[in-house]
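One structure is given below, encoded as structure tokens.
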Amino acid sequence: MKKIILLGLTALLGACHSMTPTPKASLDGEVFYLQRIALPPAATLSVSLQDVSLMDTATVILAEQKGPVKGQVPLPFHLSYDPAQVKPGHTYSLSARIELDGKLLFITTERHAVKLNGQDPQPLRLRVDAVAH
């Protein structure tokens, strides 16, 4: 009987351990542009944290926020990522884009490097530039 109880407790502890959430780190900031125009109410904002270390391969996205724009610039963002995915010697960058019905309106045109070592100044400010149509 003791063996059965011990096995049950061991299984229960194992299940609790596997349910432990992975530690999260986060980056907070805002996206803005210099043009003095309002965004359409149906516009969407996408902000992503990417590993941009390797030039000949697709970027690896560590975190992403997508959704409808709420209000006007500056537009706040919050990215949560798993610090275990951060690799020493790799380069990480933030990018942002604003779209309307799948059509690109604004995008980051400069690299916004982040160190992900807890010393990145927050809130981060990402400037996006208008796309010529």
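Letters A, B, ... mark the chains of the structure tokens in the order given; residue numbers begin at 1 per chain; ligand numbers begin at 1, in order shown.
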
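Backbone DSSP over chain A yields alpha helix (DSSP H) at Lys2, Lys3, Ile4, Ile5, Leu6, Leu7, Gly8, Leu9, Thr10, Ala11, Leu12, Leu13, Gly14, Ala15, Cys16, His17 and Ser18 of chain A.
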
Only C-alpha atoms, please: the residues just picked out, written as a tab-separated table (two decimals), in the first residue's frame.
```
chain	number	residue	atom	x	y	z
A	2	LYS	CA	2.85	2.40	0.84
A	3	LYS	CA	4.37	1.77	-2.59
A	4	ILE	CA	1.13	2.74	-4.31
A	5	ILE	CA	0.86	5.96	-2.30
A	6	LEU	CA	4.52	6.75	-2.95
A	7	LEU	CA	4.09	6.15	-6.68
A	8	GLY	CA	1.00	8.37	-6.70
A	9	LEU	CA	2.81	11.19	-4.90
A	10	THR	CA	5.79	10.87	-7.24
A	11	ALA	CA	3.51	11.14	-10.28
A	12	LEU	CA	1.72	14.12	-8.75
A	13	LEU	CA	4.99	15.93	-8.04
A	14	GLY	CA	6.20	15.21	-11.59
A	15	ALA	CA	3.01	16.66	-13.02
A	16	CYS	CA	3.36	19.78	-10.87
A	17	HIS	CA	6.95	20.24	-11.99
A	18	SER	CA	6.02	20.01	-15.67
```

Subject >> Neighbour list for Ala96 of chain A as a PyMOL selection string, cut-off 9 Å, only C-alpha atoms, skip fewer than 2 positions in-chain >> reply: chain A and resi 31+45-48+94+98+106-108+126-128

Subject >> d(atom CA of Gly102 of chain A, atom CA of Met55 of chain A) in Å >> reply: 26.3 Å

Once you count only C-alpha atoms, what closest atom pair and distance in Å to one decimal does each residue of segment 17-50 of chain A within 8 Å of segment 68-91 of chain A have, with rows by chain and rising residue number, as JSON lines?
```
{"residue": "A:Thr22", "atom": "CA", "partner": "A:Asp82", "partner_atom": "CA", "distance": 7.0}
{"residue": "A:Pro23", "atom": "CA", "partner": "A:Asp82", "partner_atom": "CA", "distance": 6.3}
{"residue": "A:Lys24", "atom": "CA", "partner": "A:Asp82", "partner_atom": "CA", "distance": 4.9}
{"residue": "A:Ala25", "atom": "CA", "partner": "A:Tyr81", "partner_atom": "CA", "distance": 5.4}
{"residue": "A:Ser26", "atom": "CA", "partner": "A:Ser80", "partner_atom": "CA", "distance": 4.3}
{"residue": "A:Leu27", "atom": "CA", "partner": "A:Leu79", "partner_atom": "CA", "distance": 5.2}
{"residue": "A:Asp28", "atom": "CA", "partner": "A:His78", "partner_atom": "CA", "distance": 4.6}
{"residue": "A:Gly29", "atom": "CA", "partner": "A:Phe77", "partner_atom": "CA", "distance": 5.4}
{"residue": "A:Glu30", "atom": "CA", "partner": "A:Pro76", "partner_atom": "CA", "distance": 4.2}
{"residue": "A:Val31", "atom": "CA", "partner": "A:Leu75", "partner_atom": "CA", "distance": 5.0}
{"residue": "A:Phe32", "atom": "CA", "partner": "A:Pro74", "partner_atom": "CA", "distance": 4.7}
{"residue": "A:Tyr33", "atom": "CA", "partner": "A:Val73", "partner_atom": "CA", "distance": 7.2}
{"residue": "A:Ala38", "atom": "CA", "partner": "A:Gln72", "partner_atom": "CA", "distance": 6.6}
{"residue": "A:Leu39", "atom": "CA", "partner": "A:Gln72", "partner_atom": "CA", "distance": 6.4}
{"residue": "A:Pro41", "atom": "CA", "partner": "A:Val69", "partner_atom": "CA", "distance": 7.0}
{"residue": "A:Ala42", "atom": "CA", "partner": "A:Pro68", "partner_atom": "CA", "distance": 6.7}
{"residue": "A:Ala43", "atom": "CA", "partner": "A:Val69", "partner_atom": "CA", "distance": 5.7}
{"residue": "A:Thr44", "atom": "CA", "partner": "A:Pro68", "partner_atom": "CA", "distance": 4.2}
{"residue": "A:Leu45", "atom": "CA", "partner": "A:Val69", "partner_atom": "CA", "distance": 5.8}
{"residue": "A:Val47", "atom": "CA", "partner": "A:Phe77", "partner_atom": "CA", "distance": 7.3}
{"residue": "A:Ser48", "atom": "CA", "partner": "A:Leu79", "partner_atom": "CA", "distance": 7.7}
{"residue": "A:Leu49", "atom": "CA", "partner": "A:Leu79", "partner_atom": "CA", "distance": 7.6}
```

Excluding Tyr92 of chain A and its own-chain neighbours fewer than 5 positions away, which residues fall within 9 Å of it when counting only C-alpha atoms? Please give them as a short mmCIF file (atom, residue, chain, number, x, y, z; two decimals) with all heavy atoms, in the first residue's frame.
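This is the output file part-v5.cif:
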```cif
data_model
loop_
_atom_site.label_atom_id
_atom_site.label_comp_id
_atom_site.auth_asym_id
_atom_site.auth_seq_id
_atom_site.Cartn_x
_atom_site.Cartn_y
_atom_site.Cartn_z
N LEU A 49 10.27 40.69 -31.84
CA LEU A 49 11.63 40.55 -31.35
C LEU A 49 12.25 39.40 -32.13
O LEU A 49 11.70 38.30 -32.12
CB LEU A 49 11.64 40.26 -29.86
CG LEU A 49 12.97 39.83 -29.23
CD1 LEU A 49 14.01 40.94 -29.37
CD2 LEU A 49 12.76 39.45 -27.78
N GLN A 50 13.37 39.68 -32.82
CA GLN A 50 13.94 38.69 -33.73
C GLN A 50 15.42 38.46 -33.46
O GLN A 50 16.13 39.39 -33.08
CB GLN A 50 13.80 39.18 -35.18
CG GLN A 50 12.40 39.53 -35.57
CD GLN A 50 12.33 40.31 -36.88
OE1 GLN A 50 13.32 40.85 -37.35
NE2 GLN A 50 11.15 40.38 -37.45
N ASP A 51 15.84 37.22 -33.71
CA ASP A 51 17.27 36.88 -33.73
C ASP A 51 17.72 37.14 -35.16
O ASP A 51 17.29 36.46 -36.09
CB ASP A 51 17.47 35.42 -33.35
CG ASP A 51 18.93 35.01 -33.30
OD1 ASP A 51 19.78 35.70 -33.89
OD2 ASP A 51 19.23 33.97 -32.69
N VAL A 52 18.58 38.14 -35.35
CA VAL A 52 19.02 38.53 -36.70
C VAL A 52 20.50 38.20 -36.92
O VAL A 52 21.17 38.83 -37.72
CB VAL A 52 18.74 40.03 -36.96
CG1 VAL A 52 17.25 40.30 -37.01
CG2 VAL A 52 19.41 40.90 -35.91
N SER A 53 20.98 37.19 -36.22
CA SER A 53 22.40 36.84 -36.26
C SER A 53 22.84 36.28 -37.60
O SER A 53 23.94 36.57 -38.06
CB SER A 53 22.73 35.82 -35.16
OG SER A 53 22.40 36.35 -33.92
N VAL A 86 17.54 33.08 -25.59
CA VAL A 86 18.57 34.07 -25.91
C VAL A 86 19.93 33.36 -25.88
O VAL A 86 20.31 32.77 -24.87
CB VAL A 86 18.55 35.25 -24.92
CG1 VAL A 86 19.67 36.23 -25.21
CG2 VAL A 86 17.19 35.94 -24.97
N HIS A 112 16.88 48.33 -34.72
CA HIS A 112 16.68 48.65 -33.31
C HIS A 112 17.21 47.48 -32.49
O HIS A 112 16.45 46.60 -32.07
CB HIS A 112 15.19 48.90 -33.01
CG HIS A 112 14.65 50.11 -33.70
ND1 HIS A 112 14.77 51.38 -33.18
CD2 HIS A 112 14.02 50.26 -34.89
CE1 HIS A 112 14.23 52.24 -34.00
NE2 HIS A 112 13.76 51.59 -35.04
N ALA A 113 18.52 47.47 -32.29
CA ALA A 113 19.17 46.36 -31.58
C ALA A 113 18.83 46.42 -30.09
O ALA A 113 18.73 47.50 -29.50
CB ALA A 113 20.67 46.42 -31.79
N VAL A 114 18.67 45.24 -29.51
CA VAL A 114 18.48 45.10 -28.07
C VAL A 114 19.45 44.04 -27.56
O VAL A 114 19.79 43.10 -28.28
CB VAL A 114 17.02 44.73 -27.71
CG1 VAL A 114 16.09 45.92 -27.89
CG2 VAL A 114 16.52 43.55 -28.52
N LYS A 115 19.90 44.21 -26.33
CA LYS A 115 20.88 43.29 -25.75
C LYS A 115 20.22 42.11 -25.03
O LYS A 115 20.80 41.07 -24.89
CB LYS A 115 21.80 44.05 -24.80
CG LYS A 115 22.68 45.07 -25.49
CD LYS A 115 23.54 45.77 -24.45
CE LYS A 115 24.55 46.73 -25.00
NZ LYS A 115 24.14 47.69 -25.97
N LEU A 116 19.02 42.31 -24.50
CA LEU A 116 18.27 41.29 -23.76
C LEU A 116 19.04 40.79 -22.54
O LEU A 116 18.95 39.63 -22.16
CB LEU A 116 17.90 40.11 -24.67
CG LEU A 116 17.12 40.47 -25.93
CD1 LEU A 116 16.77 39.22 -26.72
CD2 LEU A 116 15.86 41.25 -25.59
#
```

Original post:
What are the DSSP strand (DSSP E or B) residues of chain A, as an MDAnalysis selection string?
Top reply: chainID A and resid 25:32 44:51 60:68 75:81 92:100 103:107 112:114 124:127 129:130
